[in-house]
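Here's protein06.pdb, which has PDB, C-alpha atoms and all ligand atoms:
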ATOM      1  CA  MET A   1      99.408 124.875 106.906
ATOM      2  CA  THR A   2     102.231 125.565 104.471
ATOM      3  CA  ASP A   3     101.358 127.555 101.379
ATOM      4  CA  SER A   4     103.886 126.272  98.829
ATOM      5  CA  ALA A   5     103.036 129.166  96.459
ATOM      6  CA  ALA A   6     104.370 131.560  99.123
ATOM      7  CA  ILE A   7     107.838 129.985  99.132
ATOM      8  CA  PRO A   8     110.072 132.214  96.995
ATOM      9  CA  PRO A   9     111.921 130.503  94.135
ATOM     10  CA  PRO A  10     115.702 130.078  94.468
ATOM     11  CA  PHE A  11     117.856 132.574  92.612
ATOM     12  CA  ALA A  12     121.426 132.348  91.311
ATOM     13  CA  ALA A  13     123.901 134.916  92.653
ATOM     14  CA  GLY A  14     123.671 136.720  89.301
ATOM     15  CA  GLY A  15     119.935 137.297  89.692
ATOM     16  CA  ALA A  16     118.459 134.638  87.406
ATOM     17  CA  GLU A  17     115.856 132.304  88.855
ATOM     18  CA  LEU A  18     117.165 128.760  89.259
ATOM     19  CA  ILE A  19     115.100 126.075  87.581
ATOM     20  CA  ASP A  20     115.478 123.285  90.110
ATOM     21  CA  GLY A  21     115.627 120.009  88.178
ATOM     22  CA  ARG A  22     116.213 117.996  91.321
ATOM     23  CA  ALA A  23     112.952 119.153  92.897
ATOM     24  CA  MET A  24     110.981 118.782  89.666
ATOM     25  CA  ALA A  25     112.347 115.277  89.084
ATOM     26  CA  ALA A  26     111.436 114.272  92.648
ATOM     27  CA  ALA A  27     107.886 115.514  92.059
ATOM     28  CA  ILE A  28     107.641 113.536  88.792
ATOM     29  CA  ARG A  29     108.957 110.382  90.470
ATOM     30  CA  GLY A  30     106.299 110.834  93.159
ATOM     31  CA  GLU A  31     103.580 111.134  90.498
ATOM     32  CA  LEU A  32     104.902 108.036  88.722
ATOM     33  CA  ARG A  33     105.000 106.069  91.947
ATOM     34  CA  ALA A  34     101.294 106.747  92.416
ATOM     35  CA  THR A  35     100.630 105.638  88.815
ATOM     36  CA  VAL A  36     102.652 102.446  89.298
ATOM     37  CA  GLU A  37     100.760 101.710  92.515
ATOM     38  CA  LYS A  38      97.467 102.010  90.608
ATOM     39  CA  LEU A  39      98.796  99.687  87.897
ATOM     40  CA  SER A  40      99.817  97.148  90.523
ATOM     41  CA  GLU A  41      96.216  97.055  91.810
ATOM     42  CA  ASN A  42      95.395  95.644  88.371
ATOM     43  CA  GLY A  43      98.249  93.148  88.527
ATOM     44  CA  VAL A  44     100.489  95.134  86.157
ATOM     45  CA  ARG A  45     104.107  95.998  87.013
ATOM     46  CA  PRO A  46     106.228  97.943  84.493
ATOM     47  CA  GLY A  47     109.653  96.449  83.776
ATOM     48  CA  LEU A  48     112.827  98.114  82.490
ATOM     49  CA  ALA A  49     115.775  96.130  81.108
ATOM     50  CA  VAL A  50     119.154  97.896  81.081
ATOM     51  CA  ALA A  51     122.356  96.731  79.400
ATOM     52  CA  LEU A  52     125.718  98.126  80.474
ATOM     53  CA  VAL A  53     128.595  97.008  78.258
ATOM     54  CA  GLY A  54     132.209  97.565  79.318
ATOM     55  CA  GLU A  55     133.801  99.433  82.188
ATOM     56  CA  ASP A  56     133.098 103.107  81.509
ATOM     57  CA  PRO A  57     132.832 104.554  85.056
ATOM     58  CA  ALA A  58     130.483 107.413  84.101
ATOM     59  CA  SER A  59     128.114 104.961  82.386
ATOM     60  CA  ALA A  60     128.143 102.746  85.490
ATOM     61  CA  VAL A  61     127.133 105.756  87.620
ATOM     62  CA  TYR A  62     124.299 106.694  85.205
ATOM     63  CA  VAL A  63     122.990 103.118  85.118
ATOM     64  CA  GLY A  64     123.148 102.979  88.929
ATOM     65  CA  GLY A  65     120.971 106.109  89.072
ATOM     66  CA  LYS A  66     118.437 104.574  86.689
ATOM     67  CA  ILE A  67     118.164 101.339  88.680
ATOM     68  CA  LYS A  68     117.774 103.311  91.927
ATOM     69  CA  ALA A  69     114.937 105.361  90.410
ATOM     70  CA  CYS A  70     113.190 102.135  89.292
ATOM     71  CA  LYS A  71     113.312 100.848  92.871
ATOM     72  CA  GLU A  72     111.905 104.101  94.255
ATOM     73  CA  ILE A  73     108.979 104.087  91.839
ATOM     74  CA  GLY A  74     108.208 100.366  91.921
ATOM     75  CA  ILE A  75     109.378  99.544  88.397
ATOM     76  CA  ARG A  76     110.957  96.092  88.064
ATOM     77  CA  SER A  77     114.513  96.469  86.775
ATOM     78  CA  ILE A  78     116.542  93.854  84.937
ATOM     79  CA  GLU A  79     120.229  94.637  84.634
ATOM     80  CA  ALA A  80     122.757  92.970  82.316
ATOM     81  CA  ARG A  81     126.413  93.857  82.813
ATOM     82  CA  LEU A  82     128.450  92.639  79.867
ATOM     83  CA  SER A  83     132.180  92.656  79.227
ATOM     84  CA  ALA A  84     133.828  95.126  76.850
ATOM     85  CA  THR A  85     134.604  92.204  74.517
ATOM     86  CA  THR A  86     130.874  91.547  73.887
ATOM     87  CA  THR A  87     130.124  91.332  70.154
ATOM     88  CA  THR A  88     127.334  93.086  68.279
ATOM     89  CA  ALA A  89     125.721  89.669  67.647
ATOM     90  CA  GLN A  90     125.728  88.815  71.360
ATOM     91  CA  LEU A  91     124.178  92.147  72.308
ATOM     92  CA  ILE A  92     121.547  91.767  69.598
ATOM     93  CA  GLU A  93     120.720  88.290  70.914
ATOM     94  CA  LEU A  94     120.087  89.796  74.365
ATOM     95  CA  ILE A  95     117.886  92.513  72.866
ATOM     96  CA  ASP A  96     115.917  89.882  70.931
ATOM     97  CA  ASP A  97     115.289  88.016  74.203
ATOM     98  CA  TRP A  98     114.051  91.208  75.862
ATOM     99  CA  ASN A  99     111.954  92.137  72.808
ATOM    100  CA  ALA A 100     110.189  88.755  73.146
ATOM    101  CA  ASP A 101     109.763  88.968  76.940
ATOM    102  CA  ASP A 102     106.311  90.327  77.789
ATOM    103  CA  SER A 103     107.405  91.352  81.291
ATOM    104  CA  VAL A 104     109.910  93.797  79.758
ATOM    105  CA  ASP A 105     108.268  97.113  78.811
ATOM    106  CA  GLY A 106     111.377  99.206  78.216
ATOM    107  CA  ILE A 107     114.854  98.389  76.909
ATOM    108  CA  LEU A 108     117.850 100.673  77.377
ATOM    109  CA  VAL A 109     121.385 100.051  76.154
ATOM    110  CA  GLN A 110     123.678 102.538  77.871
ATOM    111  CA  LEU A 111     125.761 104.567  75.405
ATOM    112  CA  PRO A 112     128.511 104.975  74.402
ATOM    113  CA  LEU A 113     129.177 101.332  73.553
ATOM    114  CA  PRO A 114     132.757 100.028  73.408
ATOM    115  CA  LYS A 115     134.571 100.373  70.091
ATOM    116  CA  GLY A 116     133.801  97.502  67.764
ATOM    117  CA  ILE A 117     130.089  97.299  68.589
ATOM    118  CA  ASP A 118     127.739  98.560  65.867
ATOM    119  CA  THR A 119     125.721 101.077  67.887
ATOM    120  CA  GLN A 120     123.294 101.813  65.041
ATOM    121  CA  ALA A 121     122.454  98.109  64.585
ATOM    122  CA  VAL A 122     121.928  97.695  68.326
ATOM    123  CA  VAL A 123     119.707 100.770  68.691
ATOM    124  CA  GLU A 124     117.572  99.784  65.704
ATOM    125  CA  ARG A 125     117.101  96.235  67.020
ATOM    126  CA  ILE A 126     115.130  97.454  70.051
ATOM    127  CA  ALA A 127     111.399  97.038  69.385
ATOM    128  CA  PRO A 128     109.958 100.545  68.803
ATOM    129  CA  ASP A 129     107.285 100.045  71.479
ATOM    130  CA  LYS A 130     110.043  99.250  74.038
ATOM    131  CA  ASP A 131     112.490 101.931  72.852
ATOM    132  CA  VAL A 132     112.335 104.048  76.023
ATOM    133  CA  ASP A 133     115.390 106.046  74.907
ATOM    134  CA  GLY A 134     113.505 107.105  71.778
ATOM    135  CA  PHE A 135     116.714 106.875  69.716
ATOM    136  CA  GLY A 136     115.377 104.469  67.051
ATOM    137  CA  ALA A 137     114.243 105.585  63.596
ATOM    138  CA  ASP A 138     110.599 104.765  64.321
ATOM    139  CA  ASN A 139     110.318 106.976  67.395
ATOM    140  CA  LEU A 140     112.491 109.769  65.977
ATOM    141  CA  GLY A 141     110.452 109.656  62.755
ATOM    142  CA  ARG A 142     107.196 109.938  64.689
ATOM    143  CA  LEU A 143     108.596 112.962  66.516
ATOM    144  CA  ALA A 144     109.624 114.512  63.193
ATOM    145  CA  GLN A 145     106.062 113.928  61.971
ATOM    146  CA  GLY A 146     104.787 115.863  64.991
ATOM    147  CA  LYS A 147     103.228 112.679  66.422
ATOM    148  CA  PRO A 148     105.635 111.692  69.213
ATOM    149  CA  ARG A 149     105.352 108.322  70.944
ATOM    150  CA  LEU A 150     108.497 107.581  72.992
ATOM    151  CA  VAL A 151     110.700 110.686  73.137
ATOM    152  CA  ALA A 152     114.421 110.798  74.033
ATOM    153  CA  CYS A 153     114.622 111.341  77.792
ATOM    154  CA  THR A 154     116.912 114.391  77.984
ATOM    155  CA  PRO A 155     115.010 116.622  75.543
ATOM    156  CA  PHE A 156     111.726 115.285  76.946
ATOM    157  CA  GLY A 157     112.972 116.328  80.397
ATOM    158  CA  VAL A 158     113.921 119.789  79.142
ATOM    159  CA  MET A 159     110.414 120.275  77.716
ATOM    160  CA  GLU A 160     108.881 119.126  80.989
ATOM    161  CA  MET A 161     111.067 121.649  82.850
ATOM    162  CA  LEU A 162     109.977 124.453  80.529
ATOM    163  CA  LYS A 163     106.352 123.362  80.891
ATOM    164  CA  ARG A 164     106.426 123.224  84.704
ATOM    165  CA  TRP A 165     108.469 126.410  85.130
ATOM    166  CA  GLY A 166     106.326 128.145  82.497
ATOM    167  CA  LYS A 167     103.112 127.224  84.268
ATOM    168  CA  LEU A 168     104.337 129.028  87.400
ATOM    169  CA  HIS A 169     105.128 132.182  85.424
ATOM    170  CA  ASN A 170     102.416 132.210  82.763
ATOM    171  CA  TRP A 171     105.206 131.668  80.219
ATOM    172  CA  THR A 172     105.229 129.428  77.153
ATOM    173  CA  PRO A 173     107.754 128.563  74.398
ATOM    174  CA  ALA A 174     105.070 129.349  71.776
ATOM    175  CA  GLY A 175     106.180 132.181  69.514
ATOM    176  CA  LYS A 176     109.607 132.462  71.194
ATOM    177  CA  ARG A 177     112.946 132.378  69.373
ATOM    178  CA  ALA A 178     114.737 129.226  70.551
ATOM    179  CA  VAL A 179     118.336 128.298  69.826
ATOM    180  CA  VAL A 180     119.498 124.710  70.318
ATOM    181  CA  VAL A 181     123.272 124.347  70.352
ATOM    182  CA  GLY A 182     124.101 120.787  69.272
ATOM    183  CA  ARG A 183     122.621 118.449  66.679
ATOM    184  CA  SER A 184     123.018 114.976  68.178
ATOM    185  CA  ILE A 185     120.402 112.246  67.734
ATOM    186  CA  THR A 186     120.239 111.911  71.517
ATOM    187  CA  VAL A 187     119.606 115.575  72.396
ATOM    188  CA  GLY A 188     119.930 118.381  69.811
ATOM    189  CA  ARG A 189     117.712 117.071  67.007
ATOM    190  CA  PRO A 190     114.830 115.771  69.136
ATOM    191  CA  MET A 191     115.099 118.941  71.267
ATOM    192  CA  ALA A 192     114.631 121.148  68.205
ATOM    193  CA  LEU A 193     111.658 119.049  67.053
ATOM    194  CA  LEU A 194     110.008 119.247  70.484
ATOM    195  CA  LEU A 195     110.423 123.031  70.633
ATOM    196  CA  LEU A 196     109.031 123.263  67.113
ATOM    197  CA  GLY A 197     106.092 121.127  68.244
ATOM    198  CA  ALA A 198     105.564 123.656  71.059
ATOM    199  CA  ASP A 199     105.372 126.441  68.426
ATOM    200  CA  ALA A 200     108.780 128.024  69.095
ATOM    201  CA  THR A 201     110.793 129.434  66.186
ATOM    202  CA  VAL A 202     113.796 127.141  66.272
ATOM    203  CA  THR A 203     117.401 127.539  65.122
ATOM    204  CA  ILE A 204     119.851 124.636  65.443
ATOM    205  CA  CYS A 205     123.494 125.674  65.870
ATOM    206  CA  HIS A 206     126.501 123.340  65.680
ATOM    207  CA  SER A 207     130.263 123.249  65.283
ATOM    208  CA  ARG A 208     130.071 124.756  61.766
ATOM    209  CA  THR A 209     127.751 127.639  62.707
ATOM    210  CA  ALA A 210     129.433 130.842  61.510
ATOM    211  CA  ASP A 211     128.290 133.226  64.234
ATOM    212  CA  LEU A 212     127.299 131.262  67.322
ATOM    213  CA  ALA A 213     127.453 134.311  69.600
ATOM    214  CA  GLY A 214     125.140 136.218  67.265
ATOM    215  CA  ALA A 215     122.635 133.369  67.073
ATOM    216  CA  VAL A 216     122.595 132.809  70.840
ATOM    217  CA  GLY A 217     122.225 136.563  71.363
ATOM    218  CA  GLN A 218     118.905 136.491  69.446
ATOM    219  CA  ALA A 219     117.428 133.694  71.513
ATOM    220  CA  GLU A 220     114.690 133.948  74.118
ATOM    221  CA  ILE A 221     115.298 130.257  74.899
ATOM    222  CA  VAL A 222     118.800 128.746  74.791
ATOM    223  CA  VAL A 223     119.322 124.993  75.072
ATOM    224  CA  ALA A 224     123.042 124.216  75.280
ATOM    225  CA  ALA A 225     123.812 120.636  74.276
ATOM    226  CA  ALA A 226     127.164 120.957  72.532
ATOM    227  CA  GLY A 227     129.220 118.813  74.891
ATOM    228  CA  GLN A 228     131.853 121.536  75.297
ATOM    229  CA  ARG A 229     132.547 123.049  78.699
ATOM    230  CA  HIS A 230     131.601 126.749  78.961
ATOM    231  CA  LEU A 231     131.200 127.069  75.178
ATOM    232  CA  ILE A 232     128.309 129.472  75.742
ATOM    233  CA  GLN A 233     129.633 132.699  77.193
ATOM    234  CA  GLY A 234     127.527 134.739  79.588
ATOM    235  CA  GLU A 235     127.837 137.922  77.514
ATOM    236  CA  TRP A 236     126.182 136.168  74.575
ATOM    237  CA  ILE A 237     122.942 135.619  76.460
ATOM    238  CA  ALA A 238     120.113 138.051  75.709
ATOM    239  CA  GLN A 239     118.655 139.886  78.699
ATOM    240  CA  GLY A 240     115.749 137.881  80.085
ATOM    241  CA  ALA A 241     116.440 134.641  78.191
ATOM    242  CA  VAL A 242     115.592 131.231  79.632
ATOM    243  CA  VAL A 243     118.770 129.128  79.605
ATOM    244  CA  ILE A 244     118.827 125.330  79.800
ATOM    245  CA  ASP A 245     122.218 123.668  80.178
ATOM    246  CA  VAL A 246     122.382 120.024  79.096
ATOM    247  CA  GLY A 247     126.194 119.780  79.382
ATOM    248  CA  ILE A 248     128.032 118.138  82.258
ATOM    249  CA  HIS A 249     131.810 118.327  82.599
ATOM    250  CA  ARG A 250     134.270 117.948  85.427
ATOM    251  CA  GLY A 251     136.526 121.009  85.693
ATOM    252  CA  ASP A 252     140.176 121.009  86.769
ATOM    253  CA  ASP A 253     138.967 121.906  90.274
ATOM    254  CA  GLY A 254     136.936 118.664  90.344
ATOM    255  CA  LYS A 255     133.602 120.530  90.226
ATOM    256  CA  LEU A 256     130.851 119.727  87.726
ATOM    257  CA  THR A 257     129.971 122.459  85.240
ATOM    258  CA  GLY A 258     127.981 122.736  82.051
ATOM    259  CA  ASP A 259     128.173 124.010  78.472
ATOM    260  CA  VAL A 260     127.209 127.474  79.745
ATOM    261  CA  ASP A 261     129.352 129.833  81.805
ATOM    262  CA  PHE A 262     126.779 129.794  84.596
ATOM    263  CA  ALA A 263     128.028 132.702  86.728
ATOM    264  CA  ALA A 264     128.153 135.151  83.810
ATOM    265  CA  ALA A 265     124.966 133.881  82.146
ATOM    266  CA  SER A 266     122.948 134.213  85.351
ATOM    267  CA  GLN A 267     123.688 137.977  85.307
ATOM    268  CA  ARG A 268     121.550 138.244  82.166
ATOM    269  CA  ALA A 269     119.170 135.290  82.045
ATOM    270  CA  ARG A 270     115.682 135.408  83.522
ATOM    271  CA  ALA A 271     115.962 131.754  84.519
ATOM    272  CA  ILE A 272     118.704 129.152  84.252
ATOM    273  CA  THR A 273     119.289 125.496  85.104
ATOM    274  CA  PRO A 274     122.202 124.658  87.428
ATOM    275  CA  VAL A 275     124.777 121.924  86.785
ATOM    276  CA  PRO A 276     124.510 119.625  88.643
ATOM    277  CA  GLY A 277     120.869 119.553  89.740
ATOM    278  CA  GLY A 278     119.282 120.754  86.502
ATOM    279  CA  VAL A 279     118.666 118.603  83.446
ATOM    280  CA  GLY A 280     120.437 115.466  84.773
ATOM    281  CA  PRO A 281     117.801 114.355  87.305
ATOM    282  CA  MET A 282     115.057 115.145  84.772
ATOM    283  CA  THR A 283     116.594 112.735  82.237
ATOM    284  CA  ILE A 284     116.207 109.836  84.666
ATOM    285  CA  ALA A 285     112.695 110.920  85.688
ATOM    286  CA  MET A 286     111.614 110.949  82.029
ATOM    287  CA  LEU A 287     113.124 107.498  81.466
ATOM    288  CA  MET A 288     110.847 106.312  84.252
ATOM    289  CA  ALA A 289     107.917 108.161  82.636
ATOM    290  CA  ASN A 290     108.688 106.526  79.282
ATOM    291  CA  THR A 291     108.830 103.080  80.903
ATOM    292  CA  VAL A 292     105.429 103.582  82.530
ATOM    293  CA  SER A 293     104.070 104.975  79.248
ATOM    294  CA  ALA A 294     105.446 102.030  77.267
ATOM    295  CA  CYS A 295     103.857  99.644  79.764
ATOM    296  CA  ARG A 296     100.479 101.369  79.505
ATOM    297  CA  GLN A 297     100.605 101.578  75.739
ATOM    298  CA  ARG A 298     101.631  97.920  75.275
ATOM    299  CA  ARG A 299      98.646  96.912  77.379
ATOM    300  CA  GLY A 300      96.210  99.264  75.661
ATOM    301  CA  LEU A 301      95.806 101.356  78.826
ATOM    302  CA  GLY A 302      95.991 104.810  77.291
ATOM    303  CA  PRO A 303      98.141 107.269  75.413
ATOM    304  CA  VAL A 304     101.887 107.596  75.902
ATOM    305  CA  THR A 305     102.553 111.290  75.394
ATOM    306  CA  GLY A 306      99.922 113.926  75.790
TER     307      GLY A 306
HETATM  308  N1  LIG B   1     124.408 107.879  77.625
HETATM  309  C1  LIG B   1     124.287 109.166  78.011
HETATM  310  N2  LIG B   1     122.980 109.549  78.032
HETATM  311  C2  LIG B   1     122.275 108.456  77.657
HETATM  312  C3  LIG B   1     120.881 108.228  77.511
HETATM  313  O1  LIG B   1     120.022 109.090  77.704
HETATM  314  N3  LIG B   1     120.541 106.967  77.114
HETATM  315  C4  LIG B   1     121.473 105.997  76.871
HETATM  316  N4  LIG B   1     121.043 104.805  76.477
HETATM  317  N5  LIG B   1     122.776 106.199  77.004
HETATM  318  C5  LIG B   1     123.165 107.425  77.412
END
In C-alpha cells, what does this structure look like?
Ligand code: GUN
Amino acid sequence: MTDSAAIPPPFAAGGAELIDGRAMAAAIRGELRATVEKLSENGVRPGLAVALVGEDPASAVYVGGKIKACKEIGIRSIEARLSATTTTAQLIELIDDWNADDSVDGILVQLPLPKGIDTQAVVERIAPDKDVDGFGADNLGRLAQGKPRLVACTPFGVMEMLKRWGKLHNWTPAGKRAVVVGRSITVGRPMALLLLGADATVTICHSRTADLAGAVGQAEIVVAAAGQRHLIQGEWIAQGAVVIDVGIHRGDDGKLTGDVDFAAASQRARAITPVPGGVGPMTIAMLMANTVSACRQRRGLGPVTG
C-alpha cells in the first residue's frame, strides 16, 4: 500500500518547497466530481454559462480550460461566443436571459471585454447569486463585511492553497505579516480581504507604493498580483517567507513566468508557487467550486463558503 504522507514534497532548485497547484486543483476537481455525482442522484445538475466576446486568444484558451473542467466534473456548460462588435445592450440581454434561466447556476463573462463595452454595467447585471466570479458589488461587499458568499476565483484559490499547504505543515496565515502586491478588483483587493479574514496582518502595495522592496522584505506571506513580469526580486524576499505568484507572462524565450523572479526567490522562500502550475489551475478549480456552491445555495442545499 502506498503511504502518500511518505512521498517527499517537490522542491525548487533554490531550496524552497514547491506548492503544486496542478496537483491540488486535480484533488479539488475530484472532490467536486463526487459532490456533483451526489447532486445528480437527487436530479440536480449544476450549470455554468460562459460568455466569450471578441477574438482575444488568451481569453479563448482560458474559456476552453473552464469548459473542459466542467465536463470533467459533470457540470453542464453553456457557451456563448459573441463577436467583438457586440454592444453592451446585447450582452446585457444575454445576461438577463441567463439570470432568468433556472438551469443556469453560474454566469461568467470572460474579461477583458472589447473596447466599447461597459464592463462595469455588464458585471453588475449578473444576479449576485449566480456571480461565480465574485466581481459584483454584492459579493465584494459581503467579503468586505467578513461574510463572504461567492468569492473571486483566483484569490479564493490562493487561500485554498495556503490552507491545504498549511495543513501539511501545521502552518496558518493567522498572525502573519502578509503583503499583497496589486489592488485590482479581480485579485488584489479580495485577496487582502481574505487574508484579513484569516487573521493575517495585511499590507496592500501598488504602483504608487514608495518602498516596495522594503514592504515585501517584511512579509511572511507575499502574494504577487501586480501584472508585471519579475517585478518582485528574489533578494527582496524575507528568509522563510511563503510566496504566491499570481502573475503569468510569456518571456522573450517563449516560456511562461510570473510576477516573481522565481529562481532567486526560491533561494530564500520556505515555499513558493511555480508558474505555470501554481495559481492558474486553482483559479479554474475554484470557479467549479463556486458553481457547485451557487447551485447548492440556490436550491437551499447548504452553505456556500465555510
Ligand atoms: N480574465 C482573467 N481572469 C479572469 C477571471 O477570473 N474571470 C473572468 N471573468 N475573466 C478573467
Put a box with edges along x, y and z around all the listed atoms of ligand LIG 1 (chain B), pad it by 4 Å on each side, then give me its centre and sizes in Å, one decimal, as lines of an AutoDock Vina configuration file.
center_x = 122.2
center_y = 107.2
center_z = 77.3
size_x = 12.4
size_y = 12.7
size_z = 9.6
Exercise for review: I would like the residues chosen by the PyMOL selection byres (((not hetatm)) within 6 of (chain B and resi 1)) on the shown file; could you give them as an MDAnalysis selection string?
Suggested key: chainID A and resid 108:112 133 153
Name all residues at most 10 Å from A:Ile19 (count all atoms listed in the file; drop same-chain ones fewer than 3 positions away) and give them as a PDB file with C-alpha atoms, keeping the file's coordinate frame.
ATOM      1  CA  PRO A   9     111.921 130.503  94.135  1.00  0.00           C
ATOM      2  CA  PRO A  10     115.702 130.078  94.468  1.00  0.00           C
ATOM      3  CA  PHE A  11     117.856 132.574  92.612  1.00  0.00           C
ATOM      4  CA  ALA A  12     121.426 132.348  91.311  1.00  0.00           C
ATOM      5  CA  ALA A  16     118.459 134.638  87.406  1.00  0.00           C
ATOM      6  CA  ARG A  22     116.213 117.996  91.321  1.00  0.00           C
ATOM      7  CA  ALA A  23     112.952 119.153  92.897  1.00  0.00           C
ATOM      8  CA  MET A  24     110.981 118.782  89.666  1.00  0.00           C
ATOM      9  CA  MET A 161     111.067 121.649  82.850  1.00  0.00           C
ATOM     10  CA  LEU A 162     109.977 124.453  80.529  1.00  0.00           C
ATOM     11  CA  ARG A 164     106.426 123.224  84.704  1.00  0.00           C
ATOM     12  CA  TRP A 165     108.469 126.410  85.130  1.00  0.00           C
ATOM     13  CA  VAL A 242     115.592 131.231  79.632  1.00  0.00           C
ATOM     14  CA  VAL A 243     118.770 129.128  79.605  1.00  0.00           C
ATOM     15  CA  ILE A 244     118.827 125.330  79.800  1.00  0.00           C
ATOM     16  CA  ALA A 271     115.962 131.754  84.519  1.00  0.00           C
ATOM     17  CA  ILE A 272     118.704 129.152  84.252  1.00  0.00           C
ATOM     18  CA  THR A 273     119.289 125.496  85.104  1.00  0.00           C
ATOM     19  CA  PRO A 274     122.202 124.658  87.428  1.00  0.00           C
ATOM     20  CA  GLY A 277     120.869 119.553  89.740  1.00  0.00           C
ATOM     21  CA  GLY A 278     119.282 120.754  86.502  1.00  0.00           C
ATOM     22  CA  VAL A 279     118.666 118.603  83.446  1.00  0.00           C
TER      23      VAL A 279
END
Practice item. Name the residues captured by the PyMOL selection byres (((chain A and resi 209-220) around 12) and not hetatm) when it is applied to the shown file; answer as a PyMOL selection string. Key: chain A and resi 171-183+200-208+221-224+226+231-244+260+265+268-272
Practice item. Find, counting only C-alpha atoms, the residue in A:Ala60, A:Ala294, A:Met286, A:Leu113 that gets nearest to A:Arg149. Key: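 Nearest candidate to A:Arg149 out of A:Ala60, A:Ala294, A:Met286, A:Leu113: A:Ala294.
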Check your understanding: How many Å lie between atom CA of A:Glu17 and atom CA of A:Leu256, rounded to one decimal?
Key ->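 Interatomic distance, atom CA of A:Glu17 to atom CA of A:Leu256: 19.6 Å.
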Practice item. Using all atoms listed in the file, find the one residue out of A:Thr119, A:Thr35, A:Gln228, A:Thr283 that sits nearest to A:Cys295. Key: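 For A:Cys295, the nearest of the given residues is A:Thr35.
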Practice item. Give the answer as one residue: which of A:Ile67, A:Leu94, A:Val246, A:Val123 has the shortest atom-to-atom distance to A:Val275, using all atoms listed in the file? Key: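 Going through A:Ile67, A:Leu94, A:Val246, A:Val123 one by one, the smallest distance to A:Val275 is for A:Val246.
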Practice item. May I ask which of the residues A:Ala289, A:Ala89, A:Gly141, A:His230 is the closest one to A:Asp261, counting all atoms listed in the file? Key: A:His230
Point to revise | A:Leu48 surroundings by all atoms listed in the file, 6 Å radius, close-in-sequence under 6 positions cut, as a list in words | key: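 Everything that qualifies: Ser77, Val104, Asp105, Gly106 and Ile107 of chain A.
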Review point. For the atom pair atom CA of A:Leu287 and atom CA of A:Ile78, what is the interatomic distance in Å to one decimal place?
Key: 14.5 Å
Practice item. Work out how far atom CA of A:Ile185 is from atom CA of A:Gln145, in Å to one decimal. Key: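 Separation between atom CA of A:Gln145 and atom CA of A:Ile185: 15.5 Å.
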Check your understanding: Care to translate the PyMOL selection byres (((chain A and resi 55) around 9) and not hetatm) into actual residues of this file, as a VMD selection string?
Key -> chain A and resid 52 to 54 56 to 60 82 to 84 114
Practice item. Select, from A:Ala49, A:Ile73, A:Ala225, A:Ala34, the residue with the minimum atom-to-atom distance to A:Asp97, counting all atoms listed in the file. Key: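 When distances to A:Asp97 are compared using all atoms listed in the file, the smallest one comes from A:Ala49.
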Review point. Around (103.5, 95.1, 88.8) in the file's own coordinates, what residues are found within 8 Å if you use all atoms listed in the file, given back as JSON, numbers by chain?
Key: {"A": [36, 39, 40, 43, 44, 45, 46, 74, 75, 76]}
Fill-in result for stretch 191-203 of chain A, N, CA and C atoms as a PDB file, keeping the file's coordinate frame:
ATOM      1  N   MET A 191     115.398 117.704  70.527  1.00  0.00           N
ATOM      2  CA  MET A 191     115.099 118.941  71.267  1.00  0.00           C
ATOM      3  C   MET A 191     114.488 119.988  70.343  1.00  0.00           C
ATOM      4  N   ALA A 192     115.123 120.160  69.172  1.00  0.00           N
ATOM      5  CA  ALA A 192     114.631 121.148  68.205  1.00  0.00           C
ATOM      6  C   ALA A 192     113.215 120.778  67.746  1.00  0.00           C
ATOM      7  N   LEU A 193     112.980 119.484  67.512  1.00  0.00           N
ATOM      8  CA  LEU A 193     111.658 119.049  67.053  1.00  0.00           C
ATOM      9  C   LEU A 193     110.598 119.270  68.131  1.00  0.00           C
ATOM     10  N   LEU A 194     110.967 119.033  69.392  1.00  0.00           N
ATOM     11  CA  LEU A 194     110.008 119.247  70.484  1.00  0.00           C
ATOM     12  C   LEU A 194     109.658 120.731  70.623  1.00  0.00           C
ATOM     13  N   LEU A 195     110.681 121.589  70.530  1.00  0.00           N
ATOM     14  CA  LEU A 195     110.423 123.031  70.633  1.00  0.00           C
ATOM     15  C   LEU A 195     109.564 123.497  69.465  1.00  0.00           C
ATOM     16  N   LEU A 196     109.847 122.944  68.292  1.00  0.00           N
ATOM     17  CA  LEU A 196     109.031 123.263  67.113  1.00  0.00           C
ATOM     18  C   LEU A 196     107.584 122.837  67.350  1.00  0.00           C
ATOM     19  N   GLY A 197     107.434 121.635  67.924  1.00  0.00           N
ATOM     20  CA  GLY A 197     106.092 121.127  68.244  1.00  0.00           C
ATOM     21  C   GLY A 197     105.372 121.996  69.258  1.00  0.00           C
ATOM     22  N   ALA A 198     106.153 122.735  70.064  1.00  0.00           N
ATOM     23  CA  ALA A 198     105.564 123.656  71.059  1.00  0.00           C
ATOM     24  C   ALA A 198     105.459 125.073  70.478  1.00  0.00           C
ATOM     25  N   ASP A 199     105.584 125.184  69.156  1.00  0.00           N
ATOM     26  CA  ASP A 199     105.372 126.441  68.426  1.00  0.00           C
ATOM     27  C   ASP A 199     106.444 127.511  68.656  1.00  0.00           C
ATOM     28  N   ALA A 200     107.653 127.073  69.064  1.00  0.00           N
ATOM     29  CA  ALA A 200     108.780 128.024  69.095  1.00  0.00           C
ATOM     30  C   ALA A 200     109.330 128.170  67.679  1.00  0.00           C
ATOM     31  N   THR A 201     110.070 129.249  67.453  1.00  0.00           N
ATOM     32  CA  THR A 201     110.793 129.434  66.186  1.00  0.00           C
ATOM     33  C   THR A 201     112.221 128.973  66.447  1.00  0.00           C
ATOM     34  N   VAL A 202     112.614 127.869  65.813  1.00  0.00           N
ATOM     35  CA  VAL A 202     113.796 127.141  66.272  1.00  0.00           C
ATOM     36  C   VAL A 202     114.978 127.267  65.308  1.00  0.00           C
ATOM     37  N   THR A 203     116.138 127.569  65.870  1.00  0.00           N
ATOM     38  CA  THR A 203     117.401 127.539  65.122  1.00  0.00           C
ATOM     39  C   THR A 203     118.294 126.479  65.758  1.00  0.00           C
TER      40      THR A 203
END
